[in-house]
Amino acid sequence: MQAAAFLFEPASPVSFSEAWNWQRSWQEQLLAQPGAAHPEAVWLLQHPLCYTLGRGASEQHLRFDPSHPPAPLHRIDRGGEVTHHAPGQLVAYPVLDLRRHQPDLHWYLRELEAVVIDVLELLELQGERIEGLTGVWLDGAKVAAIGVGCRRWITQHGLALNVNCDLEGFEAVVPCGLSGRPVGRLSDWLPGLTVEEVQPLLGQALAARFGLEWLSP
């Protein structure tokens, strides 16, 4: 049985703080209305240049003074280390009640990886997992980072897929705390690929993996 969920797709890049506020507000609504009384939601969007640090993330993975960052720096309540957001990177923020799906965070992380691998397959690319790590790689380069937060089984944050973004900002950090592992973008394999082409594929893959039926905002 499919679950009703709103799909929000802002046309312009959204500040990290604003997108985070949207997620927290929806999470509160789901917490206040347990069961299937309130629809779930997913945001597909891009961010202006920024960096985020997961809870407990080490500032040793920053190659800049955190008091003078080259772009806004946010310490947030997801797992994982530092990551970078930029236009040309497609971000998915599912706010889901895992009790309606499977209340298992390990399962959820693997399903988010599978969503990205499904998208890459539609693009005739072979996405890969690396045992013991979270994310998706192409030919040894990480193209998708995943970091989630969860409160009483209601999720926040999600995945970031590099489509055609400028990778220069990643040089200022040790992405996800993984030294010596390169970062890539899909346009390195498919020149000319755009976020506008990938976004509907990502929405389709999320709906299929989590059994969602999209509602229009």
# chains A, B, ... in the order shown; residues from 1 in each chain; ligands from 1
$ closest_atom_pairs --of "region 148-170 of chain A" --to "region 109-114 of chain A" --cutoff "9 Å" --atoms "only C-alpha atoms" --output "tab-separated table"
residue	atom	partner	partner_atom	distance
A:Val148	CA	A:Leu109	CA	8.0
A:Gly158	CA	A:Leu112	CA	7.7
A:Leu159	CA	A:Leu112	CA	7.2
$ write_last_selection --atoms "N, CA, C and O atoms" --output "PDB file, in the first residue's frame"
ATOM      1  N   VAL A 148      21.713  11.397   8.128  1.00  0.00           N
ATOM      2  CA  VAL A 148      20.327  11.546   8.571  1.00  0.00           C
ATOM      3  C   VAL A 148      20.260  11.853  10.057  1.00  0.00           C
ATOM      4  O   VAL A 148      21.186  11.582  10.817  1.00  0.00           O
ATOM      5  N   GLY A 158      19.129  13.821   4.888  1.00  0.00           N
ATOM      6  CA  GLY A 158      18.951  12.841   3.827  1.00  0.00           C
ATOM      7  C   GLY A 158      20.189  12.632   2.984  1.00  0.00           C
ATOM      8  O   GLY A 158      21.231  12.219   3.482  1.00  0.00           O
ATOM      9  N   LEU A 159      20.080  12.960   1.679  1.00  0.00           N
ATOM     10  CA  LEU A 159      21.175  12.671   0.764  1.00  0.00           C
ATOM     11  C   LEU A 159      21.471  13.871  -0.123  1.00  0.00           C
ATOM     12  O   LEU A 159      20.608  14.701  -0.388  1.00  0.00           O
TER      13      LEU A 159
END
$ residues_around --residues "Ile117 (chain A)" --least-positions-apart "3" --cutoff "8 Å" --atoms "only C-alpha atoms" --output "VMD selection string"
chain A and resid 113 to 114 120 to 121 126 to 128 136
$ atom_distance --atom1 "CA of Phe6 (chain A)" --atom2 "CA of Tyr108 (chain A)"
19.0 Å
$ residues_around --residues "region 43-46 of chain A" --least-positions-apart "5" --cutoff "8 Å" --atoms "only C-alpha atoms" --output "short mmCIF file (atom, residue, chain, number, x, y, z; two decimals) with all heavy atoms, in the first residue's frame"
data_model
loop_
_atom_site.label_atom_id
_atom_site.label_comp_id
_atom_site.auth_asym_id
_atom_site.auth_seq_id
_atom_site.Cartn_x
_atom_site.Cartn_y
_atom_site.Cartn_z
N LEU A 7 5.46 16.31 -2.06
CA LEU A 7 6.75 16.51 -2.71
C LEU A 7 6.92 18.00 -2.98
O LEU A 7 6.14 18.59 -3.74
CB LEU A 7 6.84 15.74 -4.02
CG LEU A 7 8.13 15.91 -4.82
CD1 LEU A 7 9.34 15.41 -4.04
CD2 LEU A 7 8.03 15.18 -6.16
N PHE A 8 7.92 18.59 -2.33
CA PHE A 8 8.21 20.02 -2.49
C PHE A 8 9.47 20.17 -3.34
O PHE A 8 10.51 19.58 -3.03
CB PHE A 8 8.42 20.68 -1.13
CG PHE A 8 7.21 20.62 -0.23
CD1 PHE A 8 7.12 19.66 0.77
CD2 PHE A 8 6.16 21.52 -0.38
CE1 PHE A 8 6.01 19.61 1.61
CE2 PHE A 8 5.05 21.48 0.45
CZ PHE A 8 4.97 20.51 1.45
N GLU A 9 9.40 20.98 -4.38
CA GLU A 9 10.53 21.16 -5.29
C GLU A 9 10.74 22.66 -5.55
O GLU A 9 10.33 23.16 -6.61
CB GLU A 9 10.29 20.40 -6.59
CG GLU A 9 10.13 18.90 -6.40
CD GLU A 9 9.91 18.15 -7.70
OE1 GLU A 9 8.75 18.12 -8.17
OE2 GLU A 9 10.89 17.62 -8.24
N PRO A 10 11.36 23.37 -4.63
CA PRO A 10 11.59 24.81 -4.83
C PRO A 10 12.38 25.07 -6.11
O PRO A 10 13.31 24.33 -6.45
CB PRO A 10 12.40 25.22 -3.60
CG PRO A 10 12.11 24.16 -2.58
CD PRO A 10 11.90 22.90 -3.34
N ALA A 11 11.99 26.13 -6.81
CA ALA A 11 12.61 26.42 -8.11
C ALA A 11 14.00 27.02 -7.96
O ALA A 11 14.84 26.87 -8.86
CB ALA A 11 11.71 27.36 -8.90
N SER A 12 14.26 27.72 -6.86
CA SER A 12 15.54 28.40 -6.66
C SER A 12 16.27 27.78 -5.48
O SER A 12 15.64 27.16 -4.61
CB SER A 12 15.32 29.89 -6.39
OG SER A 12 14.62 30.49 -7.46
N PRO A 13 17.61 27.92 -5.42
CA PRO A 13 18.35 27.41 -4.26
C PRO A 13 17.80 27.98 -2.95
O PRO A 13 17.41 29.14 -2.87
CB PRO A 13 19.78 27.89 -4.51
CG PRO A 13 19.88 27.96 -6.01
CD PRO A 13 18.53 28.45 -6.45
N VAL A 14 17.75 27.12 -1.94
CA VAL A 14 17.18 27.45 -0.64
C VAL A 14 18.28 27.45 0.41
O VAL A 14 19.10 26.51 0.44
CB VAL A 14 16.09 26.42 -0.25
CG1 VAL A 14 15.52 26.71 1.13
CG2 VAL A 14 14.99 26.38 -1.30
N HIS A 85 27.70 21.79 0.39
CA HIS A 85 26.57 21.94 -0.52
C HIS A 85 26.84 23.10 -1.47
O HIS A 85 27.46 24.10 -1.08
CB HIS A 85 25.28 22.21 0.25
CG HIS A 85 24.88 21.08 1.15
ND1 HIS A 85 24.56 19.82 0.69
CD2 HIS A 85 24.73 21.02 2.51
CE1 HIS A 85 24.24 19.05 1.70
NE2 HIS A 85 24.33 19.75 2.82
N ALA A 86 26.34 22.97 -2.69
CA ALA A 86 26.52 24.01 -3.71
C ALA A 86 25.46 23.84 -4.79
O ALA A 86 24.93 22.74 -4.97
CB ALA A 86 27.92 23.91 -4.32
N PRO A 87 25.13 24.91 -5.50
CA PRO A 87 24.24 24.75 -6.65
C PRO A 87 24.80 23.72 -7.62
O PRO A 87 26.01 23.63 -7.83
CB PRO A 87 24.23 26.16 -7.28
CG PRO A 87 24.56 27.08 -6.14
CD PRO A 87 25.54 26.33 -5.30
N GLY A 88 23.92 22.93 -8.21
CA GLY A 88 24.36 21.83 -9.07
C GLY A 88 24.45 20.51 -8.34
O GLY A 88 24.68 19.47 -8.94
N GLN A 89 24.22 20.57 -7.02
CA GLN A 89 24.11 19.36 -6.20
C GLN A 89 22.63 19.22 -5.83
O GLN A 89 22.02 20.16 -5.34
CB GLN A 89 24.97 19.50 -4.95
CG GLN A 89 24.89 18.31 -4.00
CD GLN A 89 25.50 18.66 -2.65
OE1 GLN A 89 24.91 19.38 -1.87
NE2 GLN A 89 26.72 18.17 -2.40
N LEU A 90 22.06 18.05 -6.06
CA LEU A 90 20.65 17.81 -5.78
C LEU A 90 20.52 17.16 -4.41
O LEU A 90 21.10 16.11 -4.14
CB LEU A 90 20.05 16.91 -6.86
CG LEU A 90 18.57 16.58 -6.77
CD1 LEU A 90 17.71 17.84 -6.73
CD2 LEU A 90 18.17 15.70 -7.96
N VAL A 91 19.76 17.82 -3.53
CA VAL A 91 19.60 17.36 -2.16
C VAL A 91 18.18 16.85 -1.97
O VAL A 91 17.22 17.47 -2.43
CB VAL A 91 19.88 18.51 -1.17
CG1 VAL A 91 19.76 18.02 0.27
CG2 VAL A 91 21.28 19.09 -1.41
N ALA A 92 18.06 15.71 -1.30
CA ALA A 92 16.75 15.15 -0.96
C ALA A 92 16.62 15.10 0.55
O ALA A 92 17.49 14.53 1.23
CB ALA A 92 16.59 13.76 -1.55
N TYR A 93 15.54 15.67 1.06
CA TYR A 93 15.26 15.66 2.50
C TYR A 93 13.93 14.95 2.74
O TYR A 93 12.87 15.57 2.71
CB TYR A 93 15.18 17.08 3.04
CG TYR A 93 16.49 17.82 3.09
CD1 TYR A 93 16.58 19.13 2.65
CD2 TYR A 93 17.65 17.21 3.58
CE1 TYR A 93 17.78 19.84 2.71
CE2 TYR A 93 18.86 17.90 3.64
CZ TYR A 93 18.91 19.21 3.20
OH TYR A 93 20.11 19.90 3.26
N PRO A 94 13.94 13.65 2.98
CA PRO A 94 12.69 12.95 3.32
C PRO A 94 12.39 13.10 4.82
O PRO A 94 13.25 12.82 5.67
CB PRO A 94 13.00 11.48 2.99
CG PRO A 94 14.33 11.49 2.26
CD PRO A 94 15.05 12.71 2.73
N GLN A 199 16.45 15.43 -11.37
CA GLN A 199 15.49 15.60 -10.30
C GLN A 199 14.26 14.70 -10.42
O GLN A 199 13.86 14.06 -9.43
CB GLN A 199 15.08 17.08 -10.21
CG GLN A 199 14.25 17.41 -8.98
CD GLN A 199 14.31 18.89 -8.65
OE1 GLN A 199 15.36 19.52 -8.75
NE2 GLN A 199 13.20 19.44 -8.24
N GLY A 203 12.99 11.78 -7.68
CA GLY A 203 11.65 11.70 -7.12
C GLY A 203 11.00 10.35 -7.39
O GLY A 203 10.36 9.75 -6.51
#
$ select_by_dssp --residues "region 46-157 of chain A" --states "alpha helix (DSSP H)" --output "PDB file with all heavy atoms, in the first residue's frame"
ATOM      1  N   LEU A 105      17.153   2.180  11.380  1.00  0.00           N
ATOM      2  CA  LEU A 105      17.977   3.208  10.735  1.00  0.00           C
ATOM      3  C   LEU A 105      18.984   2.609   9.765  1.00  0.00           C
ATOM      4  O   LEU A 105      19.297   3.221   8.738  1.00  0.00           O
ATOM      5  CB  LEU A 105      18.696   4.050  11.793  1.00  0.00           C
ATOM      6  CG  LEU A 105      17.874   5.190  12.401  1.00  0.00           C
ATOM      7  CD1 LEU A 105      18.694   5.912  13.464  1.00  0.00           C
ATOM      8  CD2 LEU A 105      17.416   6.172  11.330  1.00  0.00           C
ATOM      9  N   HIS A 106      19.516   1.440  10.071  1.00  0.00           N
ATOM     10  CA  HIS A 106      20.446   0.796   9.130  1.00  0.00           C
ATOM     11  C   HIS A 106      19.727   0.516   7.814  1.00  0.00           C
ATOM     12  O   HIS A 106      20.255   0.804   6.732  1.00  0.00           O
ATOM     13  CB  HIS A 106      20.993  -0.495   9.741  1.00  0.00           C
ATOM     14  CG  HIS A 106      21.929  -1.233   8.840  1.00  0.00           C
ATOM     15  ND1 HIS A 106      23.241  -0.853   8.661  1.00  0.00           N
ATOM     16  CD2 HIS A 106      21.738  -2.314   8.040  1.00  0.00           C
ATOM     17  CE1 HIS A 106      23.820  -1.674   7.793  1.00  0.00           C
ATOM     18  NE2 HIS A 106      22.929  -2.562   7.397  1.00  0.00           N
ATOM     19  N   TRP A 107      18.516  -0.019   7.905  1.00  0.00           N
ATOM     20  CA  TRP A 107      17.720  -0.269   6.694  1.00  0.00           C
ATOM     21  C   TRP A 107      17.499   1.033   5.935  1.00  0.00           C
ATOM     22  O   TRP A 107      17.618   1.077   4.698  1.00  0.00           O
ATOM     23  CB  TRP A 107      16.374  -0.886   7.087  1.00  0.00           C
ATOM     24  CG  TRP A 107      15.385  -0.960   5.966  1.00  0.00           C
ATOM     25  CD1 TRP A 107      15.268  -1.952   5.031  1.00  0.00           C
ATOM     26  CD2 TRP A 107      14.361   0.002   5.648  1.00  0.00           C
ATOM     27  NE1 TRP A 107      14.239  -1.665   4.149  1.00  0.00           N
ATOM     28  CE2 TRP A 107      13.673  -0.468   4.512  1.00  0.00           C
ATOM     29  CE3 TRP A 107      13.954   1.202   6.233  1.00  0.00           C
ATOM     30  CZ2 TRP A 107      12.607   0.220   3.935  1.00  0.00           C
ATOM     31  CZ3 TRP A 107      12.894   1.900   5.654  1.00  0.00           C
ATOM     32  CH2 TRP A 107      12.228   1.398   4.519  1.00  0.00           C
ATOM     33  N   TYR A 108      17.183   2.107   6.664  1.00  0.00           N
ATOM     34  CA  TYR A 108      16.882   3.384   6.016  1.00  0.00           C
ATOM     35  C   TYR A 108      18.098   3.913   5.255  1.00  0.00           C
ATOM     36  O   TYR A 108      17.981   4.362   4.106  1.00  0.00           O
ATOM     37  CB  TYR A 108      16.422   4.388   7.078  1.00  0.00           C
ATOM     38  CG  TYR A 108      16.067   5.750   6.527  1.00  0.00           C
ATOM     39  CD1 TYR A 108      15.112   5.895   5.535  1.00  0.00           C
ATOM     40  CD2 TYR A 108      16.690   6.904   7.009  1.00  0.00           C
ATOM     41  CE1 TYR A 108      14.774   7.149   5.025  1.00  0.00           C
ATOM     42  CE2 TYR A 108      16.349   8.155   6.519  1.00  0.00           C
ATOM     43  CZ  TYR A 108      15.402   8.265   5.525  1.00  0.00           C
ATOM     44  OH  TYR A 108      15.077   9.499   5.014  1.00  0.00           O
ATOM     45  N   LEU A 109      19.269   3.852   5.865  1.00  0.00           N
ATOM     46  CA  LEU A 109      20.482   4.319   5.187  1.00  0.00           C
ATOM     47  C   LEU A 109      20.752   3.510   3.925  1.00  0.00           C
ATOM     48  O   LEU A 109      21.125   4.068   2.885  1.00  0.00           O
ATOM     49  CB  LEU A 109      21.675   4.237   6.138  1.00  0.00           C
ATOM     50  CG  LEU A 109      21.686   5.247   7.287  1.00  0.00           C
ATOM     51  CD1 LEU A 109      22.771   4.884   8.297  1.00  0.00           C
ATOM     52  CD2 LEU A 109      21.888   6.662   6.785  1.00  0.00           C
ATOM     53  N   ARG A 110      20.588   2.196   4.027  1.00  0.00           N
ATOM     54  CA  ARG A 110      20.826   1.359   2.846  1.00  0.00           C
ATOM     55  C   ARG A 110      19.792   1.660   1.743  1.00  0.00           C
ATOM     56  O   ARG A 110      20.111   1.602   0.555  1.00  0.00           O
ATOM     57  CB  ARG A 110      20.765  -0.123   3.227  1.00  0.00           C
ATOM     58  CG  ARG A 110      21.759  -0.568   4.294  1.00  0.00           C
ATOM     59  CD  ARG A 110      23.220  -0.542   3.872  1.00  0.00           C
ATOM     60  NE  ARG A 110      23.830   0.772   3.873  1.00  0.00           N
ATOM     61  CZ  ARG A 110      24.260   1.392   4.981  1.00  0.00           C
ATOM     62  NH1 ARG A 110      24.131   0.841   6.167  1.00  0.00           N
ATOM     63  NH2 ARG A 110      24.843   2.589   4.891  1.00  0.00           N
ATOM     64  N   GLU A 111      18.550   1.973   2.137  1.00  0.00           N
ATOM     65  CA  GLU A 111      17.538   2.315   1.138  1.00  0.00           C
ATOM     66  C   GLU A 111      17.859   3.644   0.455  1.00  0.00           C
ATOM     67  O   GLU A 111      17.635   3.793  -0.750  1.00  0.00           O
ATOM     68  CB  GLU A 111      16.149   2.367   1.776  1.00  0.00           C
ATOM     69  CG  GLU A 111      15.557   1.004   2.081  1.00  0.00           C
ATOM     70  CD  GLU A 111      15.348   0.160   0.837  1.00  0.00           C
ATOM     71  OE1 GLU A 111      14.456   0.491   0.037  1.00  0.00           O
ATOM     72  OE2 GLU A 111      16.088  -0.833   0.662  1.00  0.00           O
ATOM     73  N   LEU A 112      18.382   4.610   1.204  1.00  0.00           N
ATOM     74  CA  LEU A 112      18.788   5.876   0.572  1.00  0.00           C
ATOM     75  C   LEU A 112      19.919   5.639  -0.426  1.00  0.00           C
ATOM     76  O   LEU A 112      19.937   6.228  -1.513  1.00  0.00           O
ATOM     77  CB  LEU A 112      19.204   6.891   1.632  1.00  0.00           C
ATOM     78  CG  LEU A 112      18.084   7.465   2.499  1.00  0.00           C
ATOM     79  CD1 LEU A 112      18.662   8.414   3.548  1.00  0.00           C
ATOM     80  CD2 LEU A 112      17.027   8.193   1.662  1.00  0.00           C
ATOM     81  N   GLU A 113      20.864   4.780  -0.064  1.00  0.00           N
ATOM     82  CA  GLU A 113      21.911   4.418  -1.030  1.00  0.00           C
ATOM     83  C   GLU A 113      21.280   3.766  -2.262  1.00  0.00           C
ATOM     84  O   GLU A 113      21.668   4.068  -3.402  1.00  0.00           O
ATOM     85  CB  GLU A 113      22.910   3.460  -0.389  1.00  0.00           C
ATOM     86  CG  GLU A 113      23.789   4.096   0.678  1.00  0.00           C
ATOM     87  CD  GLU A 113      24.622   3.098   1.429  1.00  0.00           C
ATOM     88  OE1 GLU A 113      24.311   1.883   1.385  1.00  0.00           O
ATOM     89  OE2 GLU A 113      25.593   3.515   2.084  1.00  0.00           O
ATOM     90  N   ALA A 114      20.317   2.867  -2.035  1.00  0.00           N
ATOM     91  CA  ALA A 114      19.671   2.174  -3.146  1.00  0.00           C
ATOM     92  C   ALA A 114      18.928   3.151  -4.050  1.00  0.00           C
ATOM     93  O   ALA A 114      18.883   2.966  -5.275  1.00  0.00           O
ATOM     94  CB  ALA A 114      18.710   1.109  -2.610  1.00  0.00           C
ATOM     95  N   VAL A 115      18.337   4.192  -3.465  1.00  0.00           N
ATOM     96  CA  VAL A 115      17.666   5.227  -4.266  1.00  0.00           C
ATOM     97  C   VAL A 115      18.653   5.845  -5.255  1.00  0.00           C
ATOM     98  O   VAL A 115      18.358   6.001  -6.452  1.00  0.00           O
ATOM     99  CB  VAL A 115      17.055   6.306  -3.348  1.00  0.00           C
ATOM    100  CG1 VAL A 115      16.728   7.573  -4.141  1.00  0.00           C
ATOM    101  CG2 VAL A 115      15.807   5.779  -2.656  1.00  0.00           C
ATOM    102  N   VAL A 116      19.837   6.215  -4.763  1.00  0.00           N
ATOM    103  CA  VAL A 116      20.844   6.821  -5.642  1.00  0.00           C
ATOM    104  C   VAL A 116      21.295   5.818  -6.701  1.00  0.00           C
ATOM    105  O   VAL A 116      21.417   6.161  -7.893  1.00  0.00           O
ATOM    106  CB  VAL A 116      22.047   7.316  -4.825  1.00  0.00           C
ATOM    107  CG1 VAL A 116      23.154   7.829  -5.752  1.00  0.00           C
ATOM    108  CG2 VAL A 116      21.623   8.418  -3.858  1.00  0.00           C
ATOM    109  N   ILE A 117      21.524   4.581  -6.304  1.00  0.00           N
ATOM    110  CA  ILE A 117      21.954   3.556  -7.262  1.00  0.00           C
ATOM    111  C   ILE A 117      20.881   3.351  -8.327  1.00  0.00           C
ATOM    112  O   ILE A 117      21.193   3.174  -9.518  1.00  0.00           O
ATOM    113  CB  ILE A 117      22.290   2.242  -6.522  1.00  0.00           C
ATOM    114  CG1 ILE A 117      23.565   2.446  -5.689  1.00  0.00           C
ATOM    115  CG2 ILE A 117      22.467   1.085  -7.497  1.00  0.00           C
ATOM    116  CD1 ILE A 117      23.865   1.327  -4.711  1.00  0.00           C
ATOM    117  N   ASP A 118      19.602   3.408  -7.926  1.00  0.00           N
ATOM    118  CA  ASP A 118      18.507   3.305  -8.904  1.00  0.00           C
ATOM    119  C   ASP A 118      18.555   4.448  -9.913  1.00  0.00           C
ATOM    120  O   ASP A 118      18.353   4.241 -11.113  1.00  0.00           O
ATOM    121  CB  ASP A 118      17.159   3.330  -8.185  1.00  0.00           C
ATOM    122  CG  ASP A 118      16.889   2.074  -7.354  1.00  0.00           C
ATOM    123  OD1 ASP A 118      17.595   1.067  -7.540  1.00  0.00           O
ATOM    124  OD2 ASP A 118      15.967   2.113  -6.512  1.00  0.00           O
ATOM    125  N   VAL A 119      18.808   5.669  -9.417  1.00  0.00           N
ATOM    126  CA  VAL A 119      18.893   6.823 -10.308  1.00  0.00           C
ATOM    127  C   VAL A 119      20.052   6.654 -11.289  1.00  0.00           C
ATOM    128  O   VAL A 119      19.907   6.888 -12.500  1.00  0.00           O
ATOM    129  CB  VAL A 119      19.060   8.127  -9.496  1.00  0.00           C
ATOM    130  CG1 VAL A 119      19.396   9.303 -10.415  1.00  0.00           C
ATOM    131  CG2 VAL A 119      17.787   8.428  -8.703  1.00  0.00           C
ATOM    132  N   LEU A 120      21.191   6.228 -10.776  1.00  0.00           N
ATOM    133  CA  LEU A 120      22.353   6.058 -11.650  1.00  0.00           C
ATOM    134  C   LEU A 120      22.087   4.980 -12.701  1.00  0.00           C
ATOM    135  O   LEU A 120      22.505   5.121 -13.856  1.00  0.00           O
ATOM    136  CB  LEU A 120      23.587   5.707 -10.819  1.00  0.00           C
ATOM    137  CG  LEU A 120      24.028   6.747  -9.785  1.00  0.00           C
ATOM    138  CD1 LEU A 120      25.384   6.379  -9.198  1.00  0.00           C
ATOM    139  CD2 LEU A 120      24.077   8.145 -10.372  1.00  0.00           C
ATOM    140  N   GLU A 121      21.378   3.939 -12.314  1.00  0.00           N
ATOM    141  CA  GLU A 121      21.059   2.888 -13.285  1.00  0.00           C
ATOM    142  C   GLU A 121      20.198   3.429 -14.415  1.00  0.00           C
ATOM    143  O   GLU A 121      20.386   3.072 -15.589  1.00  0.00           O
ATOM    144  CB  GLU A 121      20.345   1.734 -12.574  1.00  0.00           C
ATOM    145  CG  GLU A 121      20.090   0.540 -13.485  1.00  0.00           C
ATOM    146  CD  GLU A 121      19.497  -0.644 -12.742  1.00  0.00           C
ATOM    147  OE1 GLU A 121      19.438  -0.608 -11.499  1.00  0.00           O
ATOM    148  OE2 GLU A 121      19.082  -1.607 -13.425  1.00  0.00           O
ATOM    149  N   LEU A 122      19.258   4.324 -14.076  1.00  0.00           N
ATOM    150  CA  LEU A 122      18.437   4.946 -15.113  1.00  0.00           C
ATOM    151  C   LEU A 122      19.279   5.781 -16.069  1.00  0.00           C
ATOM    152  O   LEU A 122      18.899   5.982 -17.232  1.00  0.00           O
ATOM    153  CB  LEU A 122      17.347   5.814 -14.476  1.00  0.00           C
ATOM    154  CG  LEU A 122      16.244   5.060 -13.717  1.00  0.00           C
ATOM    155  CD1 LEU A 122      15.369   6.036 -12.933  1.00  0.00           C
ATOM    156  CD2 LEU A 122      15.386   4.237 -14.676  1.00  0.00           C
TER     157      LEU A 122
END
$ closest_residue --among "A:Glu28, A:Leu62, A:Arg78, A:Val95" --to "Leu212 (chain A)" --atoms "only C-alpha atoms"
A:Val95
$ atom_distance --atom1 "CA of Ala208 (chain A)" --atom2 "CA of Gln29 (chain A)"
24.1 Å
$ atom_distance --atom1 "CA of His74 (chain A)" --atom2 "CA of Ser17 (chain A)"
8.3 Å
$ closest_residue --among "A:Cys50, A:Arg151, A:Lys142, A:Leu206" --to "Ser15 (chain A)" --atoms "only C-alpha atoms"
A:Cys50
$ residues_around --residues "region 35-39 of chain A" --least-positions-apart "5" --cutoff "12 Å" --atoms "only C-alpha atoms" --output "NGL selection string"
:A and (2-7 or 26-30 or 94-101 or 153-154 or 212-217)
$ select_by_dssp --residues "region 80-164 of chain A" --states "strand (DSSP E or B)" --output "PyMOL selection string"
chain A and resi 82-85+89-95+97+128+136-138+141-151+154-162
$ closest_atom_pairs --of "region 104-153 of chain A" --to "region 184-196 of chain A" --cutoff "10 Å" --atoms "only C-alpha atoms" --output "JSON lines"
{"residue": "A:Leu120", "atom": "CA", "partner": "A:Leu186", "partner_atom": "CA", "distance": 8.7}
{"residue": "A:Leu123", "atom": "CA", "partner": "A:Leu190", "partner_atom": "CA", "distance": 8.6}
{"residue": "A:Glu124", "atom": "CA", "partner": "A:Leu190", "partner_atom": "CA", "distance": 9.7}
{"residue": "A:Leu125", "atom": "CA", "partner": "A:Trp189", "partner_atom": "CA", "distance": 8.3}
{"residue": "A:Trp137", "atom": "CA", "partner": "A:Gly184", "partner_atom": "CA", "distance": 8.2}
{"residue": "A:Leu138", "atom": "CA", "partner": "A:Gly184", "partner_atom": "CA", "distance": 7.7}
{"residue": "A:Asp139", "atom": "CA", "partner": "A:Gly184", "partner_atom": "CA", "distance": 9.2}
{"residue": "A:Gly140", "atom": "CA", "partner": "A:Gly184", "partner_atom": "CA", "distance": 8.8}
{"residue": "A:Ala141", "atom": "CA", "partner": "A:Gly184", "partner_atom": "CA", "distance": 5.1}
{"residue": "A:Lys142", "atom": "CA", "partner": "A:Gly184", "partner_atom": "CA", "distance": 5.6}
{"residue": "A:Val143", "atom": "CA", "partner": "A:Gly184", "partner_atom": "CA", "distance": 5.0}
{"residue": "A:Ala144", "atom": "CA", "partner": "A:Arg185", "partner_atom": "CA", "distance": 8.5}
$ residues_around --residues "Pro69 (chain A)" --least-positions-apart "4" --cutoff "12 Å" --atoms "only C-alpha atoms" --output "list of chain:residue names"
A:Leu49, A:Cys50, A:Tyr51, A:Thr52, A:Glu59, A:Leu62, A:Arg63, A:Phe64, A:Asp65, A:Leu73, A:His74, A:His84, A:Gly169, A:Ala172, A:Val173
$ decode --residues "region 33-51 of chain A" --atoms "C-alpha atoms" --output "PDB file, in the first residue's frame"
ATOM      1  CA  GLN A  33      -0.109  13.236  14.930  1.00  0.00           C
ATOM      2  CA  PRO A  34       1.108   9.645  15.282  1.00  0.00           C
ATOM      3  CA  GLY A  35      -0.064   6.868  13.024  1.00  0.00           C
ATOM      4  CA  ALA A  36      -0.965   7.762   9.451  1.00  0.00           C
ATOM      5  CA  ALA A  37      -2.976  10.870  10.318  1.00  0.00           C
ATOM      6  CA  HIS A  38      -0.523  13.324   8.764  1.00  0.00           C
ATOM      7  CA  PRO A  39       1.188  12.913   5.356  1.00  0.00           C
ATOM      8  CA  GLU A  40       4.946  12.563   5.119  1.00  0.00           C
ATOM      9  CA  ALA A  41       7.022  14.975   3.033  1.00  0.00           C
ATOM     10  CA  VAL A  42      10.100  15.114   0.826  1.00  0.00           C
ATOM     11  CA  TRP A  43      12.024  18.168  -0.369  1.00  0.00           C
ATOM     12  CA  LEU A  44      14.144  18.075  -3.526  1.00  0.00           C
ATOM     13  CA  LEU A  45      16.238  21.222  -3.775  1.00  0.00           C
ATOM     14  CA  GLN A  46      19.613  22.896  -4.149  1.00  0.00           C
ATOM     15  CA  HIS A  47      21.518  24.984  -1.624  1.00  0.00           C
ATOM     16  CA  PRO A  48      23.744  28.031  -2.030  1.00  0.00           C
ATOM     17  CA  LEU A  49      27.365  27.410  -0.992  1.00  0.00           C
ATOM     18  CA  CYS A  50      27.593  26.158   2.597  1.00  0.00           C
ATOM     19  CA  TYR A  51      29.142  23.539   4.857  1.00  0.00           C
TER      20      TYR A  51
END
